[in-house]
file data30.cif (mmCIF, N, CA and C atoms)
data_coords
loop_
_atom_site.label_atom_id
_atom_site.label_comp_id
_atom_site.auth_asym_id
_atom_site.auth_seq_id
_atom_site.Cartn_x
_atom_site.Cartn_y
_atom_site.Cartn_z
N MET X 1 0.85 -1.17 0.00
CA MET X 1 0.00 0.00 0.00
C MET X 1 0.89 1.24 0.00
N ALA X 2 0.58 2.18 -0.88
CA ALA X 2 1.33 3.42 -0.97
C ALA X 2 1.04 4.30 0.24
N ARG X 3 2.07 4.97 0.74
CA ARG X 3 1.93 5.94 1.82
C ARG X 3 2.49 7.27 1.31
N PHE X 4 1.71 8.33 1.55
CA PHE X 4 2.10 9.66 1.10
C PHE X 4 2.29 10.55 2.32
N VAL X 5 3.45 11.19 2.41
CA VAL X 5 3.74 12.09 3.52
C VAL X 5 4.43 13.34 2.98
N GLY X 6 4.35 14.40 3.74
CA GLY X 6 5.03 15.64 3.39
C GLY X 6 4.06 16.73 3.01
N ASN X 7 4.61 17.92 2.85
CA ASN X 7 3.85 19.13 2.57
C ASN X 7 4.66 19.96 1.58
N PHE X 8 4.05 20.32 0.45
CA PHE X 8 4.77 20.97 -0.64
C PHE X 8 3.96 22.13 -1.21
N GLU X 9 4.63 23.23 -1.52
CA GLU X 9 3.99 24.34 -2.22
C GLU X 9 4.25 24.15 -3.71
N HIS X 10 3.18 24.19 -4.50
CA HIS X 10 3.30 24.02 -5.95
C HIS X 10 2.45 25.05 -6.67
N THR X 11 2.64 25.12 -7.97
CA THR X 11 1.89 26.04 -8.83
C THR X 11 1.29 25.25 -9.98
N LEU X 12 0.02 25.51 -10.28
CA LEU X 12 -0.61 24.90 -11.45
C LEU X 12 -0.12 25.63 -12.68
N ASP X 13 0.06 24.89 -13.79
CA ASP X 13 0.47 25.57 -15.02
C ASP X 13 -0.75 26.19 -15.70
N GLU X 14 -0.53 26.84 -16.83
CA GLU X 14 -1.61 27.55 -17.53
C GLU X 14 -2.72 26.64 -18.01
N LYS X 15 -2.46 25.33 -18.10
CA LYS X 15 -3.49 24.37 -18.51
C LYS X 15 -4.15 23.69 -17.31
N GLY X 16 -3.83 24.15 -16.11
CA GLY X 16 -4.44 23.57 -14.92
C GLY X 16 -3.82 22.25 -14.50
N ARG X 17 -2.58 22.00 -14.92
CA ARG X 17 -1.91 20.75 -14.54
C ARG X 17 -1.04 20.98 -13.31
N LEU X 18 -0.92 19.93 -12.52
CA LEU X 18 -0.11 19.94 -11.31
C LEU X 18 1.08 19.02 -11.53
N ILE X 19 2.28 19.52 -11.25
CA ILE X 19 3.46 18.66 -11.23
C ILE X 19 3.53 18.06 -9.83
N LEU X 20 3.42 16.75 -9.78
CA LEU X 20 3.42 16.05 -8.49
C LEU X 20 4.82 16.06 -7.87
N PRO X 21 4.89 16.09 -6.55
CA PRO X 21 6.20 15.92 -5.90
C PRO X 21 6.84 14.62 -6.37
N SER X 22 8.14 14.63 -6.57
CA SER X 22 8.83 13.48 -7.15
C SER X 22 8.65 12.21 -6.33
N ALA X 23 8.55 12.32 -5.01
CA ALA X 23 8.38 11.13 -4.17
C ALA X 23 7.02 10.46 -4.40
N PHE X 24 6.04 11.20 -4.88
CA PHE X 24 4.69 10.66 -5.07
C PHE X 24 4.52 9.96 -6.43
N ARG X 25 5.29 10.35 -7.39
CA ARG X 25 5.07 9.90 -8.78
C ARG X 25 5.10 8.39 -8.97
N PRO X 26 6.11 7.67 -8.47
CA PRO X 26 6.13 6.21 -8.71
C PRO X 26 4.92 5.49 -8.12
N LYS X 27 4.36 6.04 -7.05
CA LYS X 27 3.23 5.40 -6.38
C LYS X 27 1.93 5.56 -7.16
N LEU X 28 1.95 6.42 -8.19
CA LEU X 28 0.76 6.66 -9.01
C LEU X 28 0.96 6.21 -10.45
N ALA X 29 2.04 5.51 -10.73
CA ALA X 29 2.36 5.12 -12.11
C ALA X 29 1.28 4.26 -12.74
N GLU X 30 0.56 3.49 -11.93
CA GLU X 30 -0.50 2.63 -12.45
C GLU X 30 -1.83 3.36 -12.61
N GLY X 31 -1.84 4.64 -12.30
CA GLY X 31 -3.06 5.43 -12.43
C GLY X 31 -3.63 5.83 -11.08
N ALA X 32 -4.52 6.80 -11.13
CA ALA X 32 -5.11 7.34 -9.91
C ALA X 32 -6.43 8.00 -10.26
N PHE X 33 -7.12 8.43 -9.23
CA PHE X 33 -8.39 9.14 -9.39
C PHE X 33 -8.31 10.42 -8.57
N ILE X 34 -8.82 11.50 -9.15
CA ILE X 34 -8.90 12.77 -8.45
C ILE X 34 -10.37 13.03 -8.16
N THR X 35 -10.67 13.38 -6.91
CA THR X 35 -12.04 13.62 -6.50
C THR X 35 -12.08 14.67 -5.41
N PRO X 36 -13.16 15.45 -5.32
CA PRO X 36 -13.28 16.40 -4.21
C PRO X 36 -13.47 15.65 -2.89
N LEU X 37 -12.86 16.17 -1.83
CA LEU X 37 -12.96 15.53 -0.53
C LEU X 37 -12.64 16.55 0.56
N ASP X 38 -13.59 16.83 1.42
CA ASP X 38 -13.35 17.65 2.60
C ASP X 38 -12.70 19.01 2.28
N HIS X 39 -13.27 19.74 1.36
CA HIS X 39 -12.83 21.11 1.01
C HIS X 39 -11.49 21.17 0.30
N CYS X 40 -11.06 20.04 -0.26
CA CYS X 40 -9.83 20.01 -1.06
C CYS X 40 -10.06 18.99 -2.18
N LEU X 41 -9.02 18.73 -2.96
CA LEU X 41 -9.07 17.63 -3.92
C LEU X 41 -8.18 16.52 -3.39
N ALA X 42 -8.60 15.29 -3.61
CA ALA X 42 -7.82 14.13 -3.20
C ALA X 42 -7.38 13.38 -4.45
N ILE X 43 -6.12 12.96 -4.45
CA ILE X 43 -5.62 12.05 -5.48
C ILE X 43 -5.47 10.70 -4.80
N LEU X 44 -6.24 9.74 -5.30
CA LEU X 44 -6.26 8.40 -4.71
C LEU X 44 -5.63 7.41 -5.68
N PRO X 45 -4.65 6.62 -5.23
CA PRO X 45 -4.19 5.53 -6.09
C PRO X 45 -5.39 4.65 -6.43
N ALA X 46 -5.33 3.97 -7.56
CA ALA X 46 -6.47 3.17 -8.03
C ALA X 46 -6.96 2.20 -6.97
N GLU X 47 -6.05 1.53 -6.26
CA GLU X 47 -6.48 0.55 -5.26
C GLU X 47 -7.21 1.22 -4.10
N GLU X 48 -6.82 2.43 -3.73
CA GLU X 48 -7.50 3.14 -2.64
C GLU X 48 -8.87 3.64 -3.10
N PHE X 49 -8.95 4.13 -4.35
CA PHE X 49 -10.24 4.54 -4.90
C PHE X 49 -11.20 3.36 -4.93
N ASP X 50 -10.71 2.20 -5.37
CA ASP X 50 -11.54 1.00 -5.41
C ASP X 50 -12.00 0.60 -4.00
N ARG X 51 -11.13 0.70 -3.02
CA ARG X 51 -11.47 0.37 -1.64
C ARG X 51 -12.58 1.30 -1.14
N MET X 52 -12.44 2.60 -1.40
CA MET X 52 -13.45 3.56 -0.97
C MET X 52 -14.77 3.31 -1.70
N ALA X 53 -14.70 3.05 -3.00
CA ALA X 53 -15.92 2.81 -3.78
C ALA X 53 -16.63 1.55 -3.29
N ASP X 54 -15.88 0.49 -3.03
CA ASP X 54 -16.48 -0.75 -2.52
C ASP X 54 -17.16 -0.52 -1.18
N ARG X 55 -16.50 0.21 -0.31
CA ARG X 55 -17.07 0.48 1.01
C ARG X 55 -18.34 1.32 0.88
N LEU X 56 -18.32 2.31 0.00
CA LEU X 56 -19.49 3.15 -0.21
C LEU X 56 -20.64 2.34 -0.81
N GLU X 57 -20.34 1.49 -1.78
CA GLU X 57 -21.37 0.63 -2.36
C GLU X 57 -22.00 -0.29 -1.31
N SER X 58 -21.17 -0.82 -0.42
CA SER X 58 -21.69 -1.69 0.65
C SER X 58 -22.60 -0.91 1.59
N GLN X 59 -22.21 0.32 1.91
CA GLN X 59 -23.02 1.14 2.81
C GLN X 59 -24.34 1.52 2.16
N VAL X 60 -24.33 1.78 0.84
CA VAL X 60 -25.58 2.08 0.12
C VAL X 60 -26.47 0.85 0.12
N ALA X 61 -25.89 -0.32 -0.18
CA ALA X 61 -26.67 -1.57 -0.22
C ALA X 61 -27.30 -1.89 1.14
N ALA X 62 -26.59 -1.54 2.21
CA ALA X 62 -27.09 -1.81 3.56
C ALA X 62 -28.09 -0.75 4.03
N GLY X 63 -28.25 0.29 3.23
CA GLY X 63 -29.20 1.34 3.59
C GLY X 63 -28.65 2.40 4.52
N GLY X 64 -27.36 2.35 4.81
CA GLY X 64 -26.76 3.32 5.71
C GLY X 64 -26.36 4.62 5.06
N VAL X 65 -26.23 4.61 3.74
CA VAL X 65 -25.83 5.80 2.99
C VAL X 65 -26.77 5.94 1.79
N ASP X 66 -27.18 7.16 1.53
CA ASP X 66 -28.07 7.44 0.40
C ASP X 66 -27.32 7.21 -0.92
N VAL X 67 -28.01 6.66 -1.90
CA VAL X 67 -27.40 6.37 -3.20
C VAL X 67 -26.86 7.64 -3.87
N ASN X 68 -27.39 8.81 -3.53
CA ASN X 68 -26.88 10.04 -4.13
C ASN X 68 -25.44 10.33 -3.73
N ALA X 69 -25.03 9.84 -2.57
CA ALA X 69 -23.63 9.99 -2.17
C ALA X 69 -22.73 9.21 -3.13
N LEU X 70 -23.16 8.01 -3.49
CA LEU X 70 -22.41 7.19 -4.44
C LEU X 70 -22.37 7.86 -5.80
N ARG X 71 -23.51 8.39 -6.23
CA ARG X 71 -23.55 9.10 -7.52
C ARG X 71 -22.58 10.27 -7.53
N HIS X 72 -22.58 11.04 -6.46
CA HIS X 72 -21.70 12.21 -6.40
C HIS X 72 -20.23 11.77 -6.42
N PHE X 73 -19.90 10.77 -5.62
CA PHE X 73 -18.53 10.27 -5.55
C PHE X 73 -18.03 9.85 -6.93
N ALA X 74 -18.83 9.09 -7.65
CA ALA X 74 -18.43 8.59 -8.97
C ALA X 74 -18.44 9.67 -10.04
N SER X 75 -19.44 10.53 -10.02
CA SER X 75 -19.57 11.50 -11.11
C SER X 75 -18.55 12.62 -11.03
N GLN X 76 -18.03 12.90 -9.86
CA GLN X 76 -17.06 13.99 -9.72
C GLN X 76 -15.62 13.53 -9.89
N ALA X 77 -15.39 12.23 -9.90
CA ALA X 77 -14.03 11.70 -9.99
C ALA X 77 -13.50 11.76 -11.42
N ASP X 78 -12.19 11.89 -11.53
CA ASP X 78 -11.51 11.90 -12.82
C ASP X 78 -10.34 10.93 -12.75
N GLU X 79 -10.28 9.99 -13.69
CA GLU X 79 -9.19 9.03 -13.73
C GLU X 79 -8.00 9.65 -14.45
N VAL X 80 -6.82 9.57 -13.84
CA VAL X 80 -5.61 10.19 -14.41
C VAL X 80 -4.42 9.25 -14.28
N THR X 81 -3.44 9.48 -15.13
CA THR X 81 -2.13 8.86 -15.02
C THR X 81 -1.11 9.96 -15.21
N PRO X 82 -0.15 10.10 -14.30
CA PRO X 82 0.86 11.15 -14.49
C PRO X 82 1.59 10.98 -15.82
N ASP X 83 1.85 12.11 -16.48
CA ASP X 83 2.59 12.05 -17.73
C ASP X 83 4.09 11.89 -17.43
N SER X 84 4.91 11.89 -18.48
CA SER X 84 6.35 11.65 -18.32
C SER X 84 7.04 12.71 -17.46
N GLN X 85 6.42 13.87 -17.30
CA GLN X 85 6.99 14.93 -16.46
C GLN X 85 6.37 14.94 -15.06
N GLY X 86 5.53 13.95 -14.77
CA GLY X 86 4.92 13.85 -13.45
C GLY X 86 3.74 14.78 -13.25
N ARG X 87 3.10 15.20 -14.35
CA ARG X 87 1.96 16.12 -14.25
C ARG X 87 0.65 15.35 -14.34
N VAL X 88 -0.35 15.87 -13.62
CA VAL X 88 -1.72 15.39 -13.75
C VAL X 88 -2.62 16.59 -14.00
N ARG X 89 -3.66 16.37 -14.80
CA ARG X 89 -4.60 17.46 -15.08
C ARG X 89 -5.60 17.57 -13.94
N LEU X 90 -5.97 18.79 -13.66
CA LEU X 90 -7.04 19.06 -12.71
C LEU X 90 -8.14 19.74 -13.52
N LEU X 91 -9.21 19.01 -13.78
CA LEU X 91 -10.29 19.54 -14.60
C LEU X 91 -10.88 20.81 -13.98
N PRO X 92 -11.40 21.71 -14.82
CA PRO X 92 -11.93 22.98 -14.29
C PRO X 92 -12.96 22.82 -13.18
N HIS X 93 -13.89 21.87 -13.33
CA HIS X 93 -14.91 21.72 -12.27
C HIS X 93 -14.28 21.24 -10.96
N LEU X 94 -13.22 20.45 -11.04
CA LEU X 94 -12.54 20.01 -9.82
C LEU X 94 -11.77 21.15 -9.19
N ARG X 95 -11.09 21.95 -10.01
CA ARG X 95 -10.39 23.12 -9.46
C ARG X 95 -11.38 24.04 -8.76
N GLU X 96 -12.56 24.22 -9.36
CA GLU X 96 -13.57 25.07 -8.74
C GLU X 96 -14.05 24.48 -7.42
N LEU X 97 -14.36 23.18 -7.40
CA LEU X 97 -14.82 22.54 -6.17
C LEU X 97 -13.77 22.60 -5.06
N GLY X 98 -12.50 22.52 -5.45
CA GLY X 98 -11.41 22.58 -4.48
C GLY X 98 -11.00 23.99 -4.11
N GLY X 99 -11.60 24.99 -4.78
CA GLY X 99 -11.24 26.38 -4.50
C GLY X 99 -9.82 26.69 -4.91
N LEU X 100 -9.35 26.03 -5.97
CA LEU X 100 -7.95 26.15 -6.38
C LEU X 100 -7.77 27.21 -7.46
N ASP X 101 -6.68 27.94 -7.32
CA ASP X 101 -6.27 28.91 -8.33
C ASP X 101 -4.89 28.48 -8.81
N ARG X 102 -3.96 29.35 -8.89
CA ARG X 102 -2.63 29.02 -9.41
C ARG X 102 -1.75 28.34 -8.35
N ASN X 103 -1.69 28.90 -7.16
CA ASN X 103 -0.85 28.36 -6.09
C ASN X 103 -1.63 27.33 -5.29
N VAL X 104 -0.98 26.21 -4.98
CA VAL X 104 -1.63 25.14 -4.23
C VAL X 104 -0.67 24.56 -3.19
N ILE X 105 -1.24 23.92 -2.21
CA ILE X 105 -0.48 23.16 -1.22
C ILE X 105 -0.78 21.68 -1.47
N VAL X 106 0.25 20.89 -1.64
CA VAL X 106 0.11 19.45 -1.87
C VAL X 106 0.60 18.75 -0.61
N THR X 107 -0.27 17.95 -0.01
CA THR X 107 0.09 17.28 1.24
C THR X 107 -0.11 15.78 1.11
N GLY X 108 0.73 15.05 1.78
CA GLY X 108 0.53 13.62 1.92
C GLY X 108 -0.43 13.37 3.06
N ALA X 109 -1.40 12.50 2.85
CA ALA X 109 -2.38 12.14 3.88
C ALA X 109 -2.43 10.62 3.99
N LEU X 110 -1.26 10.01 4.03
CA LEU X 110 -1.04 8.58 4.14
C LEU X 110 -1.55 7.80 2.93
N ARG X 111 -2.84 7.50 2.84
CA ARG X 111 -3.37 6.71 1.71
C ARG X 111 -3.73 7.56 0.50
N ARG X 112 -3.64 8.86 0.64
CA ARG X 112 -4.01 9.75 -0.46
C ARG X 112 -3.15 11.00 -0.43
N ILE X 113 -3.23 11.73 -1.52
CA ILE X 113 -2.61 13.05 -1.63
C ILE X 113 -3.74 14.06 -1.58
N GLU X 114 -3.54 15.16 -0.89
CA GLU X 114 -4.54 16.22 -0.87
C GLU X 114 -3.97 17.48 -1.49
N ILE X 115 -4.82 18.18 -2.25
CA ILE X 115 -4.44 19.43 -2.91
C ILE X 115 -5.33 20.52 -2.34
N TRP X 116 -4.73 21.49 -1.70
CA TRP X 116 -5.45 22.55 -0.99
C TRP X 116 -5.15 23.91 -1.58
N SER X 117 -6.11 24.80 -1.53
CA SER X 117 -5.82 26.21 -1.76
C SER X 117 -5.06 26.68 -0.53
N PRO X 118 -4.08 27.56 -0.68
CA PRO X 118 -3.35 28.04 0.50
C PRO X 118 -4.28 28.65 1.56
N GLU X 119 -5.32 29.33 1.12
CA GLU X 119 -6.24 29.96 2.06
C GLU X 119 -6.96 28.90 2.91
N ARG X 120 -7.48 27.88 2.26
CA ARG X 120 -8.18 26.82 3.00
C ARG X 120 -7.22 26.06 3.91
N TRP X 121 -6.01 25.79 3.41
CA TRP X 121 -5.01 25.09 4.20
C TRP X 121 -4.67 25.89 5.46
N ASN X 122 -4.48 27.19 5.29
CA ASN X 122 -4.14 28.04 6.43
C ASN X 122 -5.29 28.14 7.43
N GLN X 123 -6.54 28.03 6.95
CA GLN X 123 -7.69 28.07 7.85
C GLN X 123 -7.70 26.87 8.80
N LEU X 124 -7.09 25.77 8.37
CA LEU X 124 -7.02 24.60 9.25
C LEU X 124 -6.17 24.91 10.48
N GLY X 125 -5.20 25.82 10.29
CA GLY X 125 -4.38 26.26 11.40
C GLY X 125 -3.77 25.13 12.19
N THR X 126 -3.93 25.21 13.49
CA THR X 126 -3.33 24.22 14.38
C THR X 126 -4.30 23.10 14.75
N ALA X 127 -5.46 23.05 14.10
CA ALA X 127 -6.47 22.05 14.46
C ALA X 127 -5.92 20.62 14.32
N GLY X 128 -5.15 20.36 13.29
CA GLY X 128 -4.61 19.01 13.09
C GLY X 128 -3.63 18.63 14.19
N ALA X 129 -2.75 19.55 14.55
CA ALA X 129 -1.78 19.27 15.60
C ALA X 129 -2.49 19.04 16.93
N GLU X 130 -3.51 19.82 17.20
CA GLU X 130 -4.26 19.65 18.45
C GLU X 130 -5.01 18.32 18.46
N SER X 131 -5.57 17.92 17.32
CA SER X 131 -6.28 16.64 17.23
C SER X 131 -5.32 15.47 17.43
N LEU X 132 -4.11 15.57 16.85
CA LEU X 132 -3.12 14.51 17.01
C LEU X 132 -2.69 14.40 18.47
N THR X 133 -2.43 15.53 19.10
CA THR X 133 -2.05 15.51 20.51
C THR X 133 -3.14 14.85 21.36
N SER X 134 -4.37 15.20 21.09
CA SER X 134 -5.49 14.62 21.83
C SER X 134 -5.58 13.11 21.61
N ALA X 135 -5.39 12.67 20.36
CA ALA X 135 -5.44 11.23 20.05
C ALA X 135 -4.33 10.48 20.75
N ILE X 136 -3.15 11.06 20.79
CA ILE X 136 -2.02 10.40 21.46
C ILE X 136 -2.30 10.29 22.95
N GLU X 137 -2.83 11.37 23.52
CA GLU X 137 -3.14 11.35 24.95
C GLU X 137 -4.20 10.31 25.29
N ARG X 138 -5.11 10.04 24.37
CA ARG X 138 -6.16 9.04 24.59
C ARG X 138 -5.70 7.64 24.22
N GLY X 139 -4.45 7.51 23.77
CA GLY X 139 -3.90 6.20 23.43
C GLY X 139 -4.20 5.75 22.01
N HIS X 140 -4.63 6.68 21.13
CA HIS X 140 -4.94 6.31 19.76
C HIS X 140 -3.86 6.72 18.77
N GLY X 141 -2.79 7.27 19.24
CA GLY X 141 -1.79 7.83 18.33
C GLY X 141 -0.50 7.04 18.33
N LEU X 142 0.58 7.75 18.29
CA LEU X 142 1.89 7.15 18.10
C LEU X 142 2.51 6.61 19.37
N GLY X 143 2.08 7.06 20.52
CA GLY X 143 2.74 6.75 21.79
C GLY X 143 2.76 5.34 22.22
#
call {"tool": "encode", "arguments": {"input": "data30.cif", "output": "structure tokens"}}
result
Amino acid sequence: MARFVGNFEHTLDEKGRLILPSAFRPKLAEGAFITPLDHCLAILPAEEFDRMADRLESQVAAGGVDVNALRHFASQADEVTPDSQGRVRLLPHLRELGGLDRNVIVTGALRRIEIWSPERWNQLGTAGAESLTSAIERGHGLG
């Protein structure tokens, strides 16, 4: 299973393409999916996208999740493969949903890559660090 870590400042080119951090590229060579997720865009390796889709389908079949969630998940996703320069396209509707302009923050989120607008990323502030500290104190973290 691919693991993505780190935080990088990048710029989209004039065609809306993102050059992926070099450490991420080999992990996406077999293809990936880009989808909106939690106020950013997520790049999911194919196996992770399949895992999420299977779980969502199971939840819909069990009646725990409305079928419209599945429709939205599938209809907003875009299948991509990085080109020889490590670029992936970010379709206009995805850039809009992610609130992305030219400058972006690319972060590793273990099983996925997240692409954030700097403004949205900065709004998260210290919430993540505080949540991690709390999880560790409760015995759910690294300790």
call {"tool": "resolve_selection", "arguments": {"input": "data30.cif", "expression": "the PyMOL selection byres (((chain X and resi 10 and name CA) around 9) and name CA)", "output": "list in words"}}
result
Phe8, Glu9, Thr11, Leu12, Leu18, Ile19, Leu20, Pro21, Arg102, Asn103, Val104, Ile105 and Val106 of chain X
call {"tool": "atom_distance", "arguments": {"input": "data30.cif", "atom1": "atom N of X:Leu124", "atom2": "atom CA of X:Lys15"}}
result
27.2 Å
call {"tool": "atom_distance", "arguments": {"input": "data30.cif", "atom1": "atom CA of X:Asp66", "atom2": "atom CA of X:Glu96"}}
result
24.6 Å
call {"tool": "residues_around", "arguments": {"input": "data30.cif", "residues": "X:Phe4", "least_positions_apart": "6", "cutoff": "7 Å", "atoms": "only N, CA and C atoms", "output": "list of chain:residue names"}}
result
X:Phe24, X:Thr107, X:Gly108, X:Ala109, X:Leu110, X:Arg111, X:Arg112, X:Ile113
call {"tool": "closest_residue", "arguments": {"input": "data30.cif", "among": "X:Arg55, X:Leu100, X:Thr35, X:Val60", "to": "X:Ser75", "atoms": "only N, CA and C atoms"}}
result
X:Thr35
